[in-house]
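**Q** Take this structure, written in structure tokens, and hold onto it; I'll ask about it next.
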Amino acid sequence: MKSFLYYLNPSNRGKTSIAALFLLGAITCVDAQQSTNRDSLKTKSIDEVVVIGYGTQKRKDVNSSISSIKSSDIQSLKQVNVDQMLQGKLAGVVVTNGNGQPGAAASIRVRGTTSLNGVNEPLYIIDGIPISGDASGRATSGRPVAGSDFSSTGGGGNNTVSPISFLNPNDIESVDVLKDASAVAIYGARGANGVIIITTKSGKKGTGKISYDGSTNITQIPKYLDVMNLQQYAAHQNNLALLFNTQLRPEFSHPELLGLGTDWQNEIFQIGFGQSHQLSFSGGKDGTSYYLSGNFMDQTGNILDTGMKRYTFRANIDAKVKPWLKVGTNLSTGITNENFTVNQSFGGLITNMLLQGPDMPVRNLDGTFASPPQNQNVNYFNPVAEALERENKLIRKNFLGSVFGEANLLKGLKYRVELSANTEFTEYTDFYPSYDRGTQFNLTADLFERRQNWYSTNIQNLLTYDLNINKHKITALVGQEANDSHWEGLLAEAHGFKFNDIHNISMSDADSRTVTGYKGSQALSSLFGRLIYDFDNKYSITASIRRDQSSKFEPAIDGKQVGYFPSVSVSWKVSSEKFMESVKDYISLLKIRAGYGETGNQQIPNGRYAANLTQYFLPGNIPNPNLTWESMKQTDIGLDFTLFNHFNVNFDVYKKLSDNFLFQYPLPDYLTGGSSWNGGIDSPYFNMGQVENRGFDLTMSYGTKNDEGFNWNSTLVMSHNQNKLLNIINGVTLTEQANMNGYQPYVVSNTIVGSAIGTYWGFKTDGLFTSLDQLNNAPIQFGQSIGTAPGQTYLGDVKYVDVNGDGKITMDDATIIGDPNPDLTIGFTNSFSYKNFDLSIFLNGVVGNDVMNLTRRNGLENSMLYKNQLVEAANYWTEDRPNSDIPRPINSSSNPNILISDRFVEKGDFLRIQNVTLGYTFSPEALESIKMTKVRIYGTVQNLYTFTNYTGYDPEIGLFNQNPLLNGIDNGRYPMPRTFSLGVNLEF
């Protein structure tokens with residue numbers, strides 16, 4: 001822990017320090033047949049307990065807001081990543097998929113967006129090992145593991161990858177989500193965005209088991225956009241040429257005689273195939289339990305040359321070596337190989353696929369890849385050549401492990417020590433081959449390599465004391481935890497390769513090679529305690545406090561580096577009162593809860609309180625020694641009740657206030673020169689303002705059984721959240737841009753005081769100009785005179801609204817034109833079983849959100865020749881089509897008609913049949929002769945159908961690289977696939 005002591009106590013630098021690391025903790029007592037597993041305790045029935053952080057409680061005794069699911073709740077969801085499987089399953093937990101590439105990062109919001117610094121993802125605790133849900137690494141290196149950068153104006157596109165893609169979903173036993181601050185305050189600085197505790201499987205006492213789980217699938221893109229075929233394209237090009245006073249193309253003189261041309265969607269999209277195989281061994285006897293598993297998954301993507309392979313191994317072992325001592329270890333590894341394509345970018349494959357003309361073939365007659373004909377000034381490349389010839393791949397190697405010992409010191413008193421570590425090695429390669437296709441060429445191949453690794457060590461010392469006296473029950477816990485993280489990376493760039501087959505750096509032109517590197521570290525030291533008191537199974541109170549000391553803040557200024565995070569929650573179990581005894585047959589549980597807690601956020605790069613030097617010994621950032629914790633204060637009131645032992649309801653209302661949120665001050669590039677790794681100086685970080693979230697969570701479930709073998713279980717989850725920026729220092733403008741029209745950046749969102757986070761920014765419109773009277777009486781549009789030439793306004797142009805009422809249309813009339821935040825998210829699961837058959841139907845949806853469809857904007861531009869468009873673009877306004885809502889064509893890619901406006905904002909409401917699974921389990925009697933205990937076969941369909949009015953591929957757009965200011969913006973997103981799977985579960 002040398003670096004830990006170095007960062008947290010500057011006075012000890014250069015000295016020898018000894019740290020006593022046995023302090024406080026939280027483990028609930030269990031009997032000798034139960035096994036303790038890191039942050040959770042294994043009980044005979046996972047239904048009876050929920051994880052509360054460093055311990056467990058019976059669900060009926062919990063004072064906080066916690067949502068839980070078991071492995072059986074998600075086993076039918078055939079998703080690549082665990083985070084995707086939580087979608088629609090937990091109230092207050094909103095999951096959106098960033099894109100449809102296998103392995104792509106999802107974004108998870110636990111009760112809304114609490115920070116604007118881009119890190120709003122929850123903390124994962126996987127078997128006691130903390131892992132940040134931040135796929136962008138903003139709080140560590142800040143560098144992508146794949147792609148060039150995270151910006152929306154660069155060429156990297158939406159390139160974040162899931163931080164837990166190494167985790168095999170088949171290994172999961174349970175998932176518990178701590179939602180309110182009274183539950184997460186025990187995690188202090190790391191719990192501001194919620195905590196997701198994942199417990200993997202362990203061996204059970206009894207005869208050893210061998211299990212095999214296998215499945216295979218076929219995937220497809222559910223929807224194609226209606227773009228012009230060659231006949232339509234030729235006719236449209238002729239019409240545009242006449243309007244633009246350009247010579248007609250002779251080959252298009254008779255469009256009706258042409259064929260359909262190249263369908264680029266058919267050429268780029270493909271049928272995907274996948275398979276997954278897992279073999280596991282588990283059991284337990286004589287105080288020792290074990291669980292061993294190995295898994296192989298291979299999933300091809302639905303775009304050419306994209307896909308993912310994953311190899312995982314896990315070993316969970318614990319043993320009772322003495323009546324008073326238990327030890328154990330949990331080891332796992334995951335290796336993933338991923339092939340990417342750039343998406344959500346104007347230069348991405350999806351955008352180019354849609355805009356490339358159908359008159360260009362995929363290949364020439366000699367088999368080489370084709371390019372646009374001569375004299376066509378277009379930037380759109382051959383998308384098939386880009387997909388097949390460009391190498392864009394990532395290899396990740398993850399290793400996680402922990403060892404623990406737990407000793408019974410006295411009656412009711414236990415001590416536990418646990419040491420864990422997590423590391424990742426990544427290898428990213430992006431190779432642009434050399435080619436000469438006539439009108440398009442790259443004469444010297446280009447190679448970009450990134451090698452990055454990081455590791456994190458964590459130590460916990462935990463002490464717990466349980467005391468039961470008559471009607472009084474007390475659980476006291478105290479603990480110490482220290483976390484130390486390090487990262488480093490190398491970036492190499494090389495050019496001038498003689499050939500494409502071998503592209504090792506050593507084969508490049510020596511004078512073209514550049515290599516840069518980076519490294520860093522961070523540390524966190526924590527002390528915490530918790531007290532749970534219950535009286536007569538009626539009244540309960542839980543109180544906790546945590547002290548965190550972080551290397552992210554200035555140690556020389558008192559109060560900056562240390563944060564204190566308290567919480568308290570109470571409950572009244574009304575159903576245990578005597579006056580409720582007469583209705584116990586009808587109301588088996590009625591409990592009222594209330595809680596308040598505070599958590600912190602330190603998710604910014606390290607050392608920003610001081611000036612850092614770059615590799616060129618120049619200042620790398622503007623320092624701010626007054627940086628301190630972002631704090632989050634939350635109040636929660638909840639109601640739990642069960643009727644007739646079948647109908648369960650959990651309802652919570654909450655208010656969250658994020659104070660002093662951390663954000664990088666948006667200084668313009670002409671002042672800073674850009675980012676430090678591009679030769680500039682990074683803008684400073686500040687505690688900048690307040691964000692509020694209000695909402696409710698609702699879970700309703702009903703289950704029934706009968707003697708004839710029919711069972712039915714239904715669960716409905718609903719979540720409502722409304723966020724708002726309350727204030728910000730200096731009235732800072734929080735805008736974000738997206739690249740369009742040959743990489744020209746346009747502002748697409750602006751978060752202003754009093755509005756929701758990430759609201760869309762642009763112009764309001766009032767249809768098109770359809771008469772000269774309208775045109776003459778309207779405010780002057782962007783200083784343009786009336787006329788038909790480019791730079792003038794005429795009939796068929798967009799009629800913008802004078803928002804500020806100054807009698808003219810200028811950039812000052814830009815305003816809020818949409819809100820990507822939904823009013824309501826819904827998940828509805830129905831499970832049926834009859835004798836040996838089982839059927840599950842899962843629906844999820846959102847209501848009340850908007851989507852900015854920039855893909856549609858690009859497809860309706862009508863601003864230049866040689867670019868394909870959506871079929872409806874041909875229905876532009878003319879005097880013969882006075883009711884059209886598509887503006888007249890103008891031969892300019894910067895004409896006002898294509899400014900960001902409410903014309904491109906659509907309703908994002910949808911209801912999706914997310915999963916349908918039908919299974920059959922053979923009876924034990926039928927299996928007895930072949931020495932098997934279980935055989936189940938099943939078929940499942942994922943993303944079966946989506947009810948929506950959205951005109952793009954998929955209304956679920958998600959966040960661009962998990963950036964809360966770029967939410968729901970469709971700029972050529974990789975669509976989510978529909979998946980058909982067949983599988984089998986075997987047990988010996």
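All residue names refer to the structure tokens as shown: chains lettered A, B, ... in order, residues numbered from 1 in each chain, ligands numbered from 1 in order.
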Which residues of region 32-150 of chain A sit at most 9 Å from region 629-645 of chain A, using only C-alpha atoms? Give each one's shortest atom pair and distance in Å (one decimal place), in chain and ascending residue order, as a tab-separated table.

**A**
residue	atom	partner	partner_atom	distance
A:Lys60	CA	A:Asp640	CA	8.8
A:Asn63	CA	A:Gly638	CA	9.0
A:Ser64	CA	A:Asp636	CA	8.2
A:Ser65	CA	A:Gly638	CA	7.5
A:Thr114	CA	A:Met632	CA	7.7
A:Ser115	CA	A:Glu630	CA	8.5

**Q** Can you tell me which residues surround Val732 (chain A) at a distance of at most 9 Å, considering only C-alpha atoms, apart from same-chain residues fewer than 5 positions away, and format the answer as a ChimeraX atom specification?

**A** /A:665-666,688,752

**Q** Among region 93-220 of chain A, which residues carry a DSSP assignment of helix (DSSP H, G or I), reported as a PyMOL selection string?

**A** chain A and resi 169-171+181-190

**Q** Within 8 Å of Asn862 (chain A), counting only C-alpha atoms, which residues show up once you throw out same-chain ones fewer than 6 positions away? Write them as a list in words, please.

**A**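 In the requested format, the answer is Leu240, Gln869, Ala873, Arg888, Pro889, Ile890 and Asn891 of chain A.
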
**Q** Counting only C-alpha atoms, what is within 8 Å of region 132-140 of chain A, bar same-chain residues fewer than 2 positions away, as number ranges by chain?

**A** A: 105, 118-124, 130, 142-144, 150, 160-164, 487, 520-522, 602-606, 961-962

**Q** I need the chosen residues saved as an mmCIF file, in the first residue's frame, with N, CA and C atoms.

**A**
data_model
loop_
_atom_site.group_PDB
_atom_site.id
_atom_site.type_symbol
_atom_site.label_atom_id
_atom_site.label_comp_id
_atom_site.auth_asym_id
_atom_site.auth_seq_id
_atom_site.Cartn_x
_atom_site.Cartn_y
_atom_site.Cartn_z
ATOM 1 N N ALA A 105 -21.264 -1.310 -24.376
ATOM 2 C CA ALA A 105 -21.654 -0.919 -23.029
ATOM 3 C C ALA A 105 -23.107 -0.492 -22.993
ATOM 4 N N GLY A 118 -20.237 13.008 -16.612
ATOM 5 C CA GLY A 118 -20.139 11.849 -17.497
ATOM 6 C C GLY A 118 -20.056 10.531 -16.778
ATOM 7 N N VAL A 119 -19.928 10.523 -15.433
ATOM 8 C CA VAL A 119 -19.857 9.284 -14.671
ATOM 9 C C VAL A 119 -21.105 9.185 -13.816
ATOM 10 N N ASN A 120 -22.097 8.472 -14.315
ATOM 11 C CA ASN A 120 -23.347 8.258 -13.597
ATOM 12 C C ASN A 120 -23.648 6.776 -13.436
ATOM 13 N N GLU A 121 -22.685 5.953 -13.774
ATOM 14 C CA GLU A 121 -22.891 4.511 -13.711
ATOM 15 C C GLU A 121 -22.706 4.004 -12.281
ATOM 16 N N PRO A 122 -23.399 2.937 -11.919
ATOM 17 C CA PRO A 122 -23.317 2.429 -10.548
ATOM 18 C C PRO A 122 -21.997 1.727 -10.276
ATOM 19 N N LEU A 123 -21.777 1.474 -9.000
ATOM 20 C CA LEU A 123 -20.652 0.656 -8.562
ATOM 21 C C LEU A 123 -21.101 -0.799 -8.550
ATOM 22 N N TYR A 124 -20.321 -1.662 -9.197
ATOM 23 C CA TYR A 124 -20.576 -3.099 -9.133
ATOM 24 C C TYR A 124 -19.716 -3.714 -8.035
ATOM 25 N N PRO A 130 -14.897 -4.553 -5.865
ATOM 26 C CA PRO A 130 -15.525 -3.359 -6.445
ATOM 27 C C PRO A 130 -15.033 -3.088 -7.864
ATOM 28 N N GLY A 142 -8.948 8.079 -18.472
ATOM 29 C CA GLY A 142 -9.703 8.928 -19.375
ATOM 30 C C GLY A 142 -9.542 8.562 -20.839
ATOM 31 N N ARG A 143 -8.865 7.454 -21.112
ATOM 32 C CA ARG A 143 -8.618 7.036 -22.503
ATOM 33 C C ARG A 143 -9.517 5.848 -22.850
ATOM 34 N N PRO A 144 -9.983 5.787 -24.072
ATOM 35 C CA PRO A 144 -10.771 4.618 -24.476
ATOM 36 C C PRO A 144 -9.881 3.398 -24.630
ATOM 37 N N PHE A 150 -13.558 9.678 -27.035
ATOM 38 C CA PHE A 150 -14.957 9.559 -26.639
ATOM 39 C C PHE A 150 -15.806 10.724 -27.127
ATOM 40 N N THR A 160 -17.590 2.845 -26.379
ATOM 41 C CA THR A 160 -17.419 2.275 -25.051
ATOM 42 C C THR A 160 -17.811 0.800 -25.063
ATOM 43 N N VAL A 161 -17.095 0.029 -24.270
ATOM 44 C CA VAL A 161 -17.373 -1.402 -24.136
ATOM 45 C C VAL A 161 -17.726 -1.684 -22.685
ATOM 46 N N SER A 162 -18.533 -2.690 -22.477
ATOM 47 C CA SER A 162 -19.033 -2.973 -21.137
ATOM 48 C C SER A 162 -17.892 -3.301 -20.184
ATOM 49 N N PRO A 163 -17.853 -2.657 -19.009
ATOM 50 C CA PRO A 163 -16.783 -2.968 -18.046
ATOM 51 C C PRO A 163 -16.946 -4.328 -17.390
ATOM 52 N N ILE A 164 -18.102 -4.979 -17.564
ATOM 53 C CA ILE A 164 -18.291 -6.300 -16.961
ATOM 54 C C ILE A 164 -18.611 -7.346 -18.025
ATOM 55 N N TRP A 487 -2.805 2.414 -13.321
ATOM 56 C CA TRP A 487 -3.025 2.165 -14.740
ATOM 57 C C TRP A 487 -1.883 2.771 -15.551
ATOM 58 N N GLY A 520 -0.880 6.403 -14.235
ATOM 59 C CA GLY A 520 -1.453 7.120 -13.111
ATOM 60 C C GLY A 520 -1.901 6.153 -12.032
ATOM 61 N N SER A 521 -2.368 6.721 -10.938
ATOM 62 C CA SER A 521 -2.853 5.899 -9.828
ATOM 63 C C SER A 521 -3.795 6.718 -8.970
ATOM 64 N N GLN A 522 -4.513 6.026 -8.109
ATOM 65 C CA GLN A 522 -5.411 6.682 -7.169
ATOM 66 C C GLN A 522 -5.604 5.761 -5.969
ATOM 67 N N GLN A 602 -16.423 11.168 -6.398
ATOM 68 C CA GLN A 602 -15.069 11.654 -6.655
ATOM 69 C C GLN A 602 -14.594 11.234 -8.035
ATOM 70 N N GLN A 603 -15.531 10.956 -8.939
ATOM 71 C CA GLN A 603 -15.200 10.363 -10.232
ATOM 72 C C GLN A 603 -14.673 11.404 -11.220
ATOM 73 N N ILE A 604 -13.472 11.859 -10.966
ATOM 74 C CA ILE A 604 -12.749 12.744 -11.880
ATOM 75 C C ILE A 604 -11.335 12.222 -11.992
ATOM 76 N N PRO A 605 -10.563 12.668 -12.979
ATOM 77 C CA PRO A 605 -9.162 12.233 -13.061
ATOM 78 C C PRO A 605 -8.383 12.617 -11.802
ATOM 79 N N ASN A 606 -7.328 11.872 -11.542
ATOM 80 C CA ASN A 606 -6.558 12.096 -10.325
ATOM 81 C C ASN A 606 -5.667 13.339 -10.439
ATOM 82 N N ASN A 961 -21.501 7.101 -25.552
ATOM 83 C CA ASN A 961 -20.360 6.862 -24.662
ATOM 84 C C ASN A 961 -20.676 7.225 -23.212
ATOM 85 N N GLN A 962 -21.892 6.881 -22.787
ATOM 86 C CA GLN A 962 -22.377 7.092 -21.416
ATOM 87 C C GLN A 962 -22.384 8.563 -21.007
#

**Q** Considering only C-alpha atoms, return as a CSV table (one decimal) with N, CA, C and O atoms, in the first residue's frame whatever protein or nucleic-acid residues lie within 12 Å of Asp669 (chain A), sequence-local ones (same chain, fewer than 3 positions apart) excluded.

**A**
chain,number,residue,atom,x,y,z
A,665,TYR,N,-14.7,22.5,-16.4
A,665,TYR,CA,-15.2,23.8,-16.9
A,665,TYR,C,-14.9,23.9,-18.4
A,665,TYR,O,-13.8,23.6,-18.9
A,666,PRO,N,-16.0,24.1,-19.2
A,666,PRO,CA,-15.9,24.1,-20.7
A,666,PRO,C,-15.2,25.3,-21.3
A,666,PRO,O,-15.9,26.1,-22.0
A,672,THR,N,-7.4,26.9,-24.5
A,672,THR,CA,-6.6,25.7,-23.9
A,672,THR,C,-5.8,25.0,-25.0
A,672,THR,O,-4.8,24.3,-24.6
A,673,GLY,N,-6.1,25.1,-26.2
A,673,GLY,CA,-5.4,24.4,-27.2
A,673,GLY,C,-5.8,22.9,-27.3
A,673,GLY,O,-5.2,22.1,-28.0
A,674,GLY,N,-6.9,22.6,-26.7
A,674,GLY,CA,-7.4,21.2,-26.7
A,674,GLY,C,-7.0,20.4,-25.5
A,674,GLY,O,-6.5,21.0,-24.6
A,675,SER,N,-7.1,19.1,-25.6
A,675,SER,CA,-6.7,18.2,-24.5
A,675,SER,C,-5.2,18.1,-24.4
A,675,SER,O,-4.5,18.4,-25.3
A,676,SER,N,-4.8,17.7,-23.2
A,676,SER,CA,-3.3,17.7,-22.9
A,676,SER,C,-2.6,16.7,-23.8
A,676,SER,O,-1.5,16.9,-24.2
A,678,ASN,N,-3.2,16.1,-26.8
A,678,ASN,CA,-3.1,16.6,-28.1
A,678,ASN,C,-2.3,17.9,-28.1
A,678,ASN,O,-2.4,18.7,-29.1
A,679,GLY,N,-1.6,18.1,-27.1
A,679,GLY,CA,-0.7,19.3,-27.0
A,679,GLY,C,-1.2,20.5,-26.3
A,679,GLY,O,-0.5,21.5,-26.2
A,680,GLY,N,-2.5,20.5,-25.8
A,680,GLY,CA,-3.1,21.6,-25.2
A,680,GLY,C,-3.0,21.5,-23.7
A,680,GLY,O,-2.2,20.7,-23.1
A,681,ILE,N,-3.8,22.2,-23.0
A,681,ILE,CA,-3.9,22.2,-21.5
A,681,ILE,C,-5.3,21.9,-21.1
A,681,ILE,O,-6.3,22.6,-21.5
A,682,ASP,N,-5.5,20.9,-20.3
A,682,ASP,CA,-6.9,20.5,-19.9
A,682,ASP,C,-7.5,21.6,-19.1
A,682,ASP,O,-6.9,22.2,-18.2
A,683,SER,N,-8.8,21.8,-19.3
A,683,SER,CA,-9.6,22.7,-18.6
A,683,SER,C,-9.7,22.3,-17.1
A,683,SER,O,-9.6,21.1,-16.8
